[in-house]
Amino acid sequence: MKNIDSKSHVRGESIYLDDIPLVQGTLYACVFDSPVAHGRLKSVRTAEAETSDGVVRVITAKDIVGENQIGGVVPDEPLLADDEVHFQGMPIAIVLAESEELARKAAKKITANIEPLEPVLDPRIAAANGDLIVPPKRFKLGDSDAAFERCDHVFEGRADVNGQEHLYIETQGAYALPSENGGLKVYSSTQGPTAVQRTVCRVTGLAMHEVEVDVQRLGGGFGGKEDQANAWAAICAVGVQLTKRPVKYALHRMEDMRMTGKRHPYSADYRIGLDKDLKIFAYEVTFYQNAGASADLSPPVLERTLFHCTNSYFVPNVSATAYSCRTNLPPNTAFRGFGGPQGMFVIESAIAHAAEKLGVKPADIQRANLIDNGDEFPYGQIAESDAITTWKQGDSKYDYAALQREADEFNASSKYFKKGVAMMPVCFGISFTKTPMNQARSLVHIYTDGSVAVSTGAVEMGQGVNTKMAQVAAEMFGLPIEKVRLHTTNTLRIANTSPTAASAAADLNGKATQMACEAIRDRLLEIAKPLVEAENVSDLSLHDGFVHRNGERTSLDFNTLVMDAHLQRVNLSEHAHYATPGIKFDWETARGHPFAYHVYGTAIVGVTVDCLRGRYEIDYVKCCHDFGSSMNTSVDYGQIEGGIVQGIGWMTIEEVFYDADGRLRSNALSTYKVPDIYSIPKEIAILPLETSRENLAVFNSKAVGEPPLMYGIGAYFAIRNAIKAYRENSPPGLRRVADASAAGWSADGVVLSFDAPFTPERVLLNLYK
Amino acid sequence: MIPFILNNEDIATDLPAGTTVLDFVRYRKNLKGTKIGCREGDCGACTILVGELKDSRVAYRTMTSCLMPLANAAGKHIVTVEGINPQNGSLTPVQQAMVDESGTQCGFCTVGFVMSLTGFCIDDSEKTSEMAVSSIDGNICRCTGYKSIERAAEIVRRQLAEGGRQFVPEYFDTVYARLAKMRDATILTETRTAAVISNIVAGGTDVYVQKPDALPETKSSHVFYDDTLRGISDDGSFVEIGASTTVTDLLESPDMRSIFPDLYKHLKLVSSTPIRNMATLAGNFVNASPIGDMTVWFLALDADIIFNNGREMPLRKLYIDYKKLAKTDQEFIQTIRFRKPLEDFRFNFEKVCKRTYLDIASVNTAISLTVESTPGPGWIPPALSISDLGFGIADLDEADHKIRNPKSQIPYQQNRVDYKILSAHVSCGGVAPIPLYLKETSEFLRGQQLNAQTIADANEIMQAEISPISDVRGSADYKRLLLRQLFRAHFVELFDFDSTAAA
């Protein structure tokens, strides 16, 4: 079953925000944003822009009718700067003009008088200054202080991991139109239509029932259009309110990169204690999250870092602390994995550190500590684990030892090229960690011609959620998928949606769709019972467009049944609500059962490093992945391949680069490099693990969006292993012991830090350090 | 008026010649299949096909419409996805392969891939798997991880080999006659006044990144398709190249291929297929980027440039300071010329960036050497200062040899020879405000025996000639280290023999 949008995609007929036909009189917005990262905004000069060709209006903070506030989790983010600017790219003024070109030209004529203040870019400095977004969060299991006393080996160090630009190929954008009685209709490229609606209402002072938000699809999201889509919709809405004309704003790439937040960079200190059998007995970690200038989604991202700080391992004594640190970067935000990858990177660094010091393979430590059924996560949930199963099956299929041996043999005879191999187990919890968000609704209509329309709260952004929803309805009604149509995600049809995030959209909205279809189907079968002379409704089912009785096809087809039901005044529509059962979490005690289930997997990653030039190729990623029972293998495999490559990008070539003044220098595709077709693994092999448990999602499937990204972390450690292989074989005079206080180790005594991404620059410097 | 064919429609527009084709098709013609991803030629979402009369047919290439002025569409066949979509709503073989292999997720980049692969189906490239992938090397996808697209490309390649499928609509057959009719009308009538000569636009691949907002309104001279500025000629002593010759033209030139056997391997490191189809040689020279790949390449050939007024100078004298050129406003490069190497000539180009392909160099370097070889013990590295070199340069072992040269005919254990350097030109980029001809280093190398000491000494001199700064492409320390490594790589690549055994 292919993605239902495939055909219109390849013909270029799918409609994205910038393709929506415009209404006459539409104005174009362009933002004037802060040229500096931190400063006091003394004045804004807009006079030249106001008289510039085609300009209808210039808007600054004082013009906003409602509240100048767009912070979703914490109200700390003005839409337009009023007294201070907190990051380079912070919007200060909006120009509205008759064309995009004229708006851009006029925006260049705005100037701001800003008294510069010292920007803070380092989260550790922000933490030392006490500048935190929310109070620190802590997880505790057992007694780590006492446990370290009893460990045979204790290692401590520091790990740093950089951010990541989402680089959805479609930039952010919105188009707002006036509707009757002062209302608004907003088209938005957003993962969270309700968040957009709420934000628009806040800045305009309208009630939510006066604002309609509609989303057709996104040209990629990856978390970057969860809360970060709000500002652009709010800007257009404010424009409509002040001019009574439609306003559109589709950001140029450099505006998008400069003005929007990214994956959070983290800095962390860890301490890991092992016994003589390589069992991790104690783990202590402190995370410094670089939140940027305002909260955005930083607090829940921080929480997920804690939830995944022990990855796939059972550690009996854990103490984890996390600080969300306010800095002068754009507000960092959701990105596939939502803090989890950063937490995992740190414990993988700690394990690599211990392994290098102990002279064992990291895989020996990883394998010895995989979480098992009945083990407890540091937040109290009891594992129903497939960590060991995916490891064992992946290992038996792909043979880690043989791959490692192959690399060793290669390295023994190759001077400039070295291979590295790493194992990367992943365990990722599914559900929004904020329990109330785990709800969804679906609206299903059958029309009298037998065609089916489904609306849900899920947003299609390439992950195939609409395809899965259509599959649910088609399956429930026994129809070919062509009879089902997914409609836009619209706040008039589906209210109070959770964003399409946390890998959970198909789970939640799929269940709601299943429930809605079930209700209609039951009513239909009630009508069918006398028509096909069945004794019980339970004898009936819908298949291949016909009513079946005890598995045998009857002459009653679906269309006739639907018309009959309509004539008998039976409701052919249903609006269903689903809330994930059995989940809870209490932040007072930091314990509970926050996840419906976990997704498990294990990957083996192999790389070859060109030690002459410092560049590398990814040879393979071979993984055993836990699918539950995949609803759509072509969609799910696509998520895995895409996630792996995106994770590898984060760990290797993607470098978000701010200069000392807090200005983004990697501000375009020419300076920020995501993987191209030549930088991907030569081979991606996927071994599906079919698992079956009580607690899974629709049709016993499992969420698939985020977990595979974290296989990419293996690329970092594989590169590190290749560098070690080179160093170990280089002339003895090359080895020197560097500053012992710095973090990281390699077998030849030279300090190699844990500092991602492994750009070719870091590789070369680590080779010849 | 600018006349051209857009899909199956004859166009004559009086819009400013500097308007991009992307804006024209999306916002004037309402053809929304062509997407905007970056407006700097780096994502490929706006890829189109451009058909040009060539001999007795129409030759198609892919280009990024965001960097292409309407002037460059004059007399051409411009094809967007709407121009290849089958009218009955079905799919072309390329589109079908993308669907079948799930090569599309969010769909935003998809049309770019479809156009690039369609270009592969109808252009002159070799129909190998490598070239199929190469055709989509300018397209970025953030969803799929490319594996599914790779599979689709392979299916398309197989179908091409089988034959019998129609990759573009039938109206393509009418294009030749229509363009031929248009040809007379599109002969450049532009008078090159002083005002336009100071604003010359060729392929546009850099200038449209630098000044996208200003260009549509600027009066410019568009020289991309000026026949007097295109072409490669070889008179036996010199190779002369027209200023508007593209990187693809170089790549496809038999003359260039015979001089540079590794041409494809090296030029593959330069931008991407659609950009190579647009980027001109002189454009690269005059944009004066300190990391211009082709500039560094031709500096190492010690090429000369000839201006429109007949003045000649060595390319290395063109660069005075950052983006400052030794030419007047009224001078533009007409021809590039280099002496054809006759003796044992070796040329190598090295480039490292964050992403190996479709990226701008952190450091690039080129070297051309002529050498004299005599039978001898071979190149045995002396004991080296560890802090200086780190390891022996030539101790390349057999495994490396094989990996690096999978198709090499040179046996691993070859007869040993001594090399004497007769002439040397070394250049590098990314380590100074200008693309750098390494004068001192080049002079030092001349007359030297080739051995590790020579290379170590040359590196010392080279390090004194450069002045890298820290920026988004790397720290100054890294660039120094990287140039040292790439300089070594030249010799590993060019004098690929084992010395550890002898040592």
# chains A, B, ... in the order shown; residues from 1 in each chain; ligands from 1

call {"tool": "closest_atom_pairs", "arguments": {"of": "chain A", "to": "chain B", "cutoff": "6 Å", "atoms": "only C-alpha atoms", "output": "JSON lines"}}
result
{"residue": "A:Ser6", "atom": "CA", "partner": "B:Val99", "partner_atom": "CA", "distance": 5.6}
{"residue": "A:His9", "atom": "CA", "partner": "B:Gly107", "partner_atom": "CA", "distance": 5.0}
{"residue": "A:Val10", "atom": "CA", "partner": "B:Gln95", "partner_atom": "CA", "distance": 5.5}
{"residue": "A:Gly12", "atom": "CA", "partner": "B:Gly33", "partner_atom": "CA", "distance": 4.1}
{"residue": "A:Ile169", "atom": "CA", "partner": "B:Gly37", "partner_atom": "CA", "distance": 5.3}
{"residue": "A:Glu170", "atom": "CA", "partner": "B:Gly37", "partner_atom": "CA", "distance": 5.9}
{"residue": "A:Gly219", "atom": "CA", "partner": "B:Phe108", "partner_atom": "CA", "distance": 5.0}
{"residue": "A:Gly220", "atom": "CA", "partner": "B:Cys106", "partner_atom": "CA", "distance": 5.7}
{"residue": "A:Arg253", "atom": "CA", "partner": "B:Cys38", "partner_atom": "CA", "distance": 5.3}
{"residue": "A:Ser414", "atom": "CA", "partner": "B:Ala399", "partner_atom": "CA", "distance": 5.4}
{"residue": "A:Met461", "atom": "CA", "partner": "B:Cys106", "partner_atom": "CA", "distance": 5.2}
{"residue": "A:Gly462", "atom": "CA", "partner": "B:Cys106", "partner_atom": "CA", "distance": 3.3}
{"residue": "A:Gly638", "atom": "CA", "partner": "B:Thr144", "partner_atom": "CA", "distance": 5.8}
{"residue": "A:Glu641", "atom": "CA", "partner": "B:Gly145", "partner_atom": "CA", "distance": 5.4}
{"residue": "A:Gly642", "atom": "CA", "partner": "B:Gly145", "partner_atom": "CA", "distance": 4.0}
{"residue": "A:Val645", "atom": "CA", "partner": "B:Gly145", "partner_atom": "CA", "distance": 5.1}
{"residue": "A:Ile653", "atom": "CA", "partner": "B:Lys354", "partner_atom": "CA", "distance": 5.5}
{"residue": "A:Leu669", "atom": "CA", "partner": "B:Asp42", "partner_atom": "CA", "distance": 5.9}
{"residue": "A:Asp676", "atom": "CA", "partner": "B:Ile140", "partner_atom": "CA", "distance": 5.8}
{"residue": "A:Ile677", "atom": "CA", "partner": "B:Tyr146", "partner_atom": "CA", "distance": 5.9}
{"residue": "A:Pro760", "atom": "CA", "partner": "B:Lys354", "partner_atom": "CA", "distance": 5.9}

call {"tool": "write_last_selection", "arguments": {"atoms": "N, CA and C atoms", "output": "CSV table (one decimal), in the first residue's frame"}}
result
chain,number,residue,atom,x,y,z
A,6,SER,N,1.0,9.8,-3.2
A,6,SER,CA,2.2,9.7,-4.1
A,6,SER,C,1.9,10.2,-5.5
A,9,HIS,N,1.9,13.9,-5.7
A,9,HIS,CA,3.2,14.4,-5.4
A,9,HIS,C,4.1,14.4,-6.7
A,10,VAL,N,4.1,13.2,-7.3
A,10,VAL,CA,5.1,13.1,-8.5
A,10,VAL,C,4.6,13.9,-9.7
A,12,GLY,N,3.3,16.8,-9.2
A,12,GLY,CA,3.4,18.2,-8.8
A,12,GLY,C,2.1,18.9,-8.6
A,169,ILE,N,11.9,21.0,3.6
A,169,ILE,CA,12.2,21.7,2.3
A,169,ILE,C,11.2,22.9,2.1
A,170,GLU,N,10.0,22.7,2.6
A,170,GLU,CA,9.0,23.8,2.5
A,170,GLU,C,9.2,24.7,3.7
A,219,GLY,N,5.3,20.4,3.8
A,219,GLY,CA,6.4,19.9,3.0
A,219,GLY,C,7.6,19.7,4.0
A,220,GLY,N,7.2,18.8,4.9
A,220,GLY,CA,8.2,18.4,6.0
A,220,GLY,C,8.0,19.2,7.3
A,253,ARG,N,14.2,31.2,2.7
A,253,ARG,CA,14.9,30.2,3.5
A,253,ARG,C,15.8,30.9,4.6
A,414,SER,N,45.3,-1.7,6.0
A,414,SER,CA,45.1,-0.4,5.4
A,414,SER,C,45.6,0.8,6.2
A,461,MET,N,2.5,15.2,6.9
A,461,MET,CA,3.7,15.9,6.6
A,461,MET,C,4.7,15.0,5.9
A,462,GLY,N,4.2,13.9,5.3
A,462,GLY,CA,5.1,13.0,4.6
A,462,GLY,C,5.2,11.7,5.3
A,638,GLY,N,10.1,3.5,5.1
A,638,GLY,CA,10.5,4.9,4.7
A,638,GLY,C,10.8,5.7,5.9
A,641,GLU,N,14.3,4.5,7.1
A,641,GLU,CA,15.4,4.9,6.3
A,641,GLU,C,15.6,6.4,6.5
A,642,GLY,N,14.5,7.2,6.4
A,642,GLY,CA,14.6,8.6,6.6
A,642,GLY,C,15.1,9.0,7.9
A,645,VAL,N,18.9,8.4,8.3
A,645,VAL,CA,19.7,9.3,7.6
A,645,VAL,C,19.7,10.7,8.3
A,653,ILE,N,27.6,15.7,9.6
A,653,ILE,CA,27.9,16.9,8.8
A,653,ILE,C,27.1,18.1,9.2
A,669,LEU,N,21.3,27.0,2.9
A,669,LEU,CA,21.7,25.6,2.5
A,669,LEU,C,23.2,25.5,2.0
A,676,ASP,N,23.2,14.5,1.4
A,676,ASP,CA,22.7,14.4,0.0
A,676,ASP,C,22.8,12.9,-0.3
A,677,ILE,N,22.5,12.6,-1.6
A,677,ILE,CA,22.4,11.2,-1.9
A,677,ILE,C,23.7,10.4,-1.8
A,760,PRO,N,33.9,16.6,9.4
A,760,PRO,CA,35.3,16.3,8.9
A,760,PRO,C,36.4,17.1,9.6

call {"tool": "residues_around", "arguments": {"residues": "Thr20 in chain B", "least_positions_apart": "5", "cutoff": "10 Å", "atoms": "only C-alpha atoms", "output": "PyMOL selection string"}}
result
chain B and resi 25+39+64-73+204+208+212+215-216

call {"tool": "residues_around", "arguments": {"residues": "range 296-301 of chain A", "least_positions_apart": "3", "cutoff": "6 Å", "atoms": "only C-alpha atoms", "output": "number ranges by chain"}}
result
A: 291, 304, 333, 338-339

call {"tool": "closest_residue", "arguments": {"among": "B:Gly236, B:Leu267, B:Gly429, B:Ile320", "to": "Leu251 in chain B", "atoms": "only C-alpha atoms"}}
result
B:Leu267

call {"tool": "residues_around", "arguments": {"residues": "Ala424 in chain B", "least_positions_apart": "4", "cutoff": "7 Å", "atoms": "only C-alpha atoms", "output": "list in words"}}
result
Ser368, Leu369, Thr370, Ser442, Leu445 and Arg446 of chain B

call {"tool": "write_last_selection", "arguments": {"atoms": "C-alpha atoms", "output": "PDB file, in the first residue's frame"}}
result
ATOM      1  CA  SER B 368      50.101  20.319 -11.957  1.00  0.00           C
ATOM      2  CA  LEU B 369      53.521  18.804 -12.332  1.00  0.00           C
ATOM      3  CA  THR B 370      55.704  17.661 -15.137  1.00  0.00           C
ATOM      4  CA  SER B 442      55.645  26.130  -6.802  1.00  0.00           C
ATOM      5  CA  LEU B 445      59.269  22.338  -6.106  1.00  0.00           C
ATOM      6  CA  ARG B 446      60.812  22.970  -9.494  1.00  0.00           C
TER       7      ARG B 446
END

call {"tool": "select_by_dssp", "arguments": {"residues": "range 171-392 of chain B", "states": "strand (DSSP E)", "output": "ChimeraX atom specification"}}
result
/B:200-201,221-222,232-234,238-242,304-307,312-314,319-321,324-325,333-339,344-352,363-375

call {"tool": "write_last_selection", "arguments": {"atoms": "C-alpha atoms", "output": "PDB file, in the first residue's frame"}}
result
ATOM      1  CA  ILE B 200      27.482  40.857 -16.890  1.00  0.00           C
ATOM      2  CA  VAL B 201      25.399  37.841 -15.983  1.00  0.00           C
ATOM      3  CA  SER B 221      24.342  41.923 -20.298  1.00  0.00           C
ATOM      4  CA  HIS B 222      23.415  38.261 -20.480  1.00  0.00           C
ATOM      5  CA  ILE B 232      36.842  24.605 -26.259  1.00  0.00           C
ATOM      6  CA  SER B 233      39.560  24.465 -28.888  1.00  0.00           C
ATOM      7  CA  ASP B 234      42.927  22.764 -28.914  1.00  0.00           C
ATOM      8  CA  PHE B 238      47.327  25.726 -26.365  1.00  0.00           C
ATOM      9  CA  VAL B 239      43.832  24.974 -25.191  1.00  0.00           C
ATOM     10  CA  GLU B 240      41.469  27.920 -25.458  1.00  0.00           C
ATOM     11  CA  ILE B 241      38.170  28.018 -23.636  1.00  0.00           C
ATOM     12  CA  GLY B 242      35.393  30.536 -24.117  1.00  0.00           C
ATOM     13  CA  ASP B 304      46.016  33.106 -18.945  1.00  0.00           C
ATOM     14  CA  ILE B 305      42.913  35.181 -19.417  1.00  0.00           C
ATOM     15  CA  ILE B 306      42.149  37.389 -22.378  1.00  0.00           C
ATOM     16  CA  PHE B 307      39.780  40.318 -22.003  1.00  0.00           C
ATOM     17  CA  GLU B 312      46.054  39.333 -21.697  1.00  0.00           C
ATOM     18  CA  MET B 313      47.265  38.437 -18.242  1.00  0.00           C
ATOM     19  CA  PRO B 314      47.974  35.372 -16.138  1.00  0.00           C
ATOM     20  CA  TYR B 319      43.301  38.771  -7.742  1.00  0.00           C
ATOM     21  CA  ILE B 320      44.424  41.787  -5.742  1.00  0.00           C
ATOM     22  CA  ASP B 321      42.490  41.394  -2.528  1.00  0.00           C
ATOM     23  CA  LYS B 324      39.104  42.929  -5.777  1.00  0.00           C
ATOM     24  CA  LEU B 325      40.129  42.288  -9.368  1.00  0.00           C
ATOM     25  CA  ILE B 333      36.966  37.883 -19.782  1.00  0.00           C
ATOM     26  CA  GLN B 334      36.534  36.577 -23.271  1.00  0.00           C
ATOM     27  CA  THR B 335      38.879  33.597 -23.376  1.00  0.00           C
ATOM     28  CA  ILE B 336      40.821  31.378 -21.014  1.00  0.00           C
ATOM     29  CA  ARG B 337      43.980  29.797 -22.345  1.00  0.00           C
ATOM     30  CA  PHE B 338      46.459  27.302 -21.000  1.00  0.00           C
ATOM     31  CA  ARG B 339      49.541  25.669 -22.476  1.00  0.00           C
ATOM     32  CA  ASP B 344      54.954  13.538 -18.282  1.00  0.00           C
ATOM     33  CA  PHE B 345      52.158  15.630 -16.889  1.00  0.00           C
ATOM     34  CA  ARG B 346      50.374  14.991 -13.626  1.00  0.00           C
ATOM     35  CA  PHE B 347      47.376  16.902 -12.381  1.00  0.00           C
ATOM     36  CA  ASN B 348      45.373  16.456  -9.216  1.00  0.00           C
ATOM     37  CA  PHE B 349      42.513  18.289  -7.553  1.00  0.00           C
ATOM     38  CA  GLU B 350      41.569  17.857  -3.918  1.00  0.00           C
ATOM     39  CA  LYS B 351      38.665  19.315  -2.020  1.00  0.00           C
ATOM     40  CA  VAL B 352      37.248  18.692   1.428  1.00  0.00           C
ATOM     41  CA  VAL B 363      39.936  23.963   1.565  1.00  0.00           C
ATOM     42  CA  ASN B 364      40.602  23.008  -2.038  1.00  0.00           C
ATOM     43  CA  THR B 365      43.873  22.665  -3.866  1.00  0.00           C
ATOM     44  CA  ALA B 366      45.155  21.711  -7.285  1.00  0.00           C
ATOM     45  CA  ILE B 367      48.593  20.805  -8.534  1.00  0.00           C
ATOM     46  CA  SER B 368      50.101  20.319 -11.957  1.00  0.00           C
ATOM     47  CA  LEU B 369      53.521  18.804 -12.332  1.00  0.00           C
ATOM     48  CA  THR B 370      55.704  17.661 -15.137  1.00  0.00           C
ATOM     49  CA  VAL B 371      58.261  15.124 -14.051  1.00  0.00           C
ATOM     50  CA  GLU B 372      61.191  13.202 -15.395  1.00  0.00           C
ATOM     51  CA  SER B 373      61.509   9.629 -14.284  1.00  0.00           C
ATOM     52  CA  THR B 374      64.627   7.522 -14.146  1.00  0.00           C
ATOM     53  CA  PRO B 375      65.005   3.973 -12.851  1.00  0.00           C
TER      54      PRO B 375
END

call {"tool": "residues_around", "arguments": {"residues": "Leu53 in chain B", "least_positions_apart": "3", "cutoff": "9 Å", "atoms": "only C-alpha atoms", "output": "JSON, numbers by chain"}}
result
{"B": [56, 57, 58, 59, 60, 75, 76, 77, 176, 179, 180, 183]}

call {"tool": "atom_distance", "arguments": {"atom1": "CA of Thr759 in chain A", "atom2": "CA of Tyr616 in chain A"}}
result
9.4 Å

call {"tool": "select_by_dssp", "arguments": {"residues": "range 187-342 of chain B", "states": "alpha helix (DSSP H)", "output": "PyMOL selection string"}}
result
chain B and resi 194-197+207-210+247-252+254-259+263-267+273-278+281-287+293-299

call {"tool": "write_last_selection", "arguments": {"atoms": "C-alpha atoms", "output": "compact mmCIF listing (two decimals), in the first residue's frame"}}
result
# COMPACT_ATOMS: atom_id res chain seq x y z
CA ALA B 194 29.08 50.61 -20.97
CA ALA B 195 26.18 50.34 -18.54
CA VAL B 196 25.47 46.70 -19.24
CA ILE B 197 29.08 45.60 -19.59
CA VAL B 207 25.25 36.36 -8.66
CA TYR B 208 21.64 35.18 -8.15
CA VAL B 209 22.63 33.87 -4.74
CA GLN B 210 24.33 37.14 -3.82
CA VAL B 247 31.66 23.07 -16.13
CA THR B 248 29.55 20.43 -17.87
CA ASP B 249 31.01 21.52 -21.22
CA LEU B 250 34.47 20.91 -19.78
CA LEU B 251 33.39 17.56 -18.42
CA GLU B 252 32.10 16.43 -21.78
CA PRO B 254 37.17 15.07 -25.42
CA ASP B 255 40.11 17.49 -25.37
CA MET B 256 39.79 18.05 -21.67
CA ARG B 257 39.25 14.37 -20.98
CA SER B 258 42.41 13.44 -22.78
CA ILE B 259 44.47 15.91 -20.78
CA LEU B 263 38.16 14.78 -14.98
CA TYR B 264 34.88 13.20 -13.90
CA LYS B 265 36.15 12.19 -10.46
CA HIS B 266 37.43 15.70 -9.84
CA LEU B 267 34.56 17.69 -11.32
CA THR B 273 24.72 18.39 -12.03
CA PRO B 274 22.24 21.26 -12.58
CA ILE B 275 24.72 23.83 -11.29
CA ARG B 276 27.52 22.44 -13.42
CA ASN B 277 25.10 22.79 -16.33
CA MET B 278 24.82 26.51 -15.62
CA LEU B 281 34.29 29.23 -16.11
CA ALA B 282 34.79 32.99 -16.27
CA GLY B 283 31.87 33.45 -13.89
CA ASN B 284 33.76 31.41 -11.35
CA PHE B 285 36.91 33.46 -11.95
CA VAL B 286 35.34 36.89 -11.63
CA ASN B 287 33.15 36.17 -8.65
CA ASP B 293 36.86 25.40 -7.41
CA MET B 294 37.45 26.12 -11.08
CA THR B 295 39.62 29.10 -10.25
CA VAL B 296 41.86 26.95 -8.12
CA TRP B 297 41.88 24.36 -10.89
CA PHE B 298 42.99 26.82 -13.58
CA LEU B 299 45.47 28.56 -11.30

call {"tool": "residues_around", "arguments": {"residues": "range 588-600 of chain A", "least_positions_apart": "2", "cutoff": "10 Å", "atoms": "only C-alpha atoms", "output": "PyMOL selection string"}}
result
chain A and resi 137-141+307+311-312+377-391+425-435+438+580-586+602+624-628+689+693-697+702-704+706-708

call {"tool": "write_last_selection", "arguments": {"atoms": "C-alpha atoms", "output": "CSV table (one decimal), in the first residue's frame"}}
result
chain,number,residue,atom,x,y,z
A,137,LYS,CA,14.0,18.5,36.9
A,138,ARG,CA,15.3,15.4,38.5
A,139,PHE,CA,14.9,11.6,38.2
A,140,LYS,CA,16.1,9.3,40.9
A,141,LEU,CA,16.2,5.5,41.1
A,307,PHE,CA,13.0,9.9,30.3
A,311,ASN,CA,18.4,4.6,26.8
A,312,SER,CA,17.9,0.8,26.5
A,377,PHE,CA,12.9,2.6,34.3
A,378,PRO,CA,14.3,5.6,36.4
A,379,TYR,CA,10.7,7.0,36.3
A,380,GLY,CA,9.0,4.1,37.8
A,381,GLN,CA,7.5,2.4,34.7
A,382,ILE,CA,8.1,-1.3,34.5
A,383,ALA,CA,9.6,-2.4,31.2
A,384,GLU,CA,7.8,-4.8,28.8
A,385,SER,CA,11.1,-5.1,27.0
A,386,ASP,CA,12.2,-6.2,23.6
A,387,ALA,CA,15.7,-4.7,24.0
A,388,ILE,CA,17.4,-8.1,24.3
A,389,THR,CA,15.3,-9.6,21.6
A,390,THR,CA,16.1,-7.0,19.0
A,391,TRP,CA,19.8,-7.1,20.0
A,425,PRO,CA,20.4,0.0,20.8
A,426,VAL,CA,17.4,2.3,21.1
A,427,CYS,CA,14.4,2.4,23.4
A,428,PHE,CA,11.9,5.1,22.9
A,429,GLY,CA,8.7,5.7,24.9
A,430,ILE,CA,5.5,6.4,23.0
A,431,SER,CA,2.9,8.9,24.3
A,432,PHE,CA,3.1,12.6,25.0
A,433,THR,CA,4.8,12.8,28.4
A,434,LYS,CA,2.2,15.4,29.3
A,435,THR,CA,-0.6,12.9,29.8
A,438,ASN,CA,-2.9,11.8,24.7
A,580,THR,CA,-4.8,6.5,25.6
A,581,PRO,CA,-5.7,4.3,28.6
A,582,GLY,CA,-3.5,3.4,31.5
A,583,ILE,CA,-1.0,6.2,31.4
A,584,LYS,CA,-0.2,8.7,34.1
A,585,PHE,CA,2.8,10.6,35.5
A,586,ASP,CA,3.3,12.7,38.6
A,602,THR,CA,19.2,-2.4,17.7
A,624,CYS,CA,16.5,-5.1,13.9
A,625,HIS,CA,13.4,-2.9,14.6
A,626,ASP,CA,10.4,-3.6,16.6
A,627,PHE,CA,7.3,-2.8,14.6
A,628,GLY,CA,4.6,-4.3,16.6
A,689,LEU,CA,10.6,-7.8,14.6
A,693,ARG,CA,1.4,-7.1,23.3
A,694,GLU,CA,-1.8,-5.9,24.9
A,695,ASN,CA,-1.0,-2.2,25.0
A,696,LEU,CA,-0.2,-1.4,21.3
A,697,ALA,CA,-1.9,1.0,19.0
A,702,LYS,CA,3.7,0.6,16.9
A,703,ALA,CA,4.7,4.2,16.4
A,704,VAL,CA,7.6,4.6,14.0
A,706,GLU,CA,11.0,9.1,15.9
A,707,PRO,CA,12.8,6.0,17.2
A,708,PRO,CA,14.9,5.2,14.1

call {"tool": "decode", "arguments": {"residues": "range 266-286 of chain A", "atoms": "C-alpha atoms", "output": "PDB file, in the first residue's frame"}}
result
ATOM      1  CA  TYR A 266      23.151  20.071  25.237  1.00  0.00           C
ATOM      2  CA  SER A 267      26.188  19.975  27.430  1.00  0.00           C
ATOM      3  CA  ALA A 268      26.334  17.263  30.076  1.00  0.00           C
ATOM      4  CA  ASP A 269      28.478  15.877  32.870  1.00  0.00           C
ATOM      5  CA  TYR A 270      28.263  12.177  33.536  1.00  0.00           C
ATOM      6  CA  ARG A 271      29.580   9.690  36.027  1.00  0.00           C
ATOM      7  CA  ILE A 272      29.219   6.008  35.385  1.00  0.00           C
ATOM      8  CA  GLY A 273      30.001   3.157  37.752  1.00  0.00           C
ATOM      9  CA  LEU A 274      30.411  -0.492  36.740  1.00  0.00           C
ATOM     10  CA  ASP A 275      31.101  -3.719  38.512  1.00  0.00           C
ATOM     11  CA  LYS A 276      33.707  -6.213  37.404  1.00  0.00           C
ATOM     12  CA  ASP A 277      31.173  -7.937  35.119  1.00  0.00           C
ATOM     13  CA  LEU A 278      30.567  -4.684  33.240  1.00  0.00           C
ATOM     14  CA  LYS A 279      27.153  -4.228  34.836  1.00  0.00           C
ATOM     15  CA  ILE A 280      26.350  -0.541  35.126  1.00  0.00           C
ATOM     16  CA  PHE A 281      25.550  -0.161  38.780  1.00  0.00           C
ATOM     17  CA  ALA A 282      25.280   3.595  39.057  1.00  0.00           C
ATOM     18  CA  TYR A 283      24.817   6.513  36.677  1.00  0.00           C
ATOM     19  CA  GLU A 284      24.768  10.168  37.478  1.00  0.00           C
ATOM     20  CA  VAL A 285      24.170  12.814  34.850  1.00  0.00           C
ATOM     21  CA  THR A 286      23.583  16.548  34.712  1.00  0.00           C
TER      22      THR A 286
END
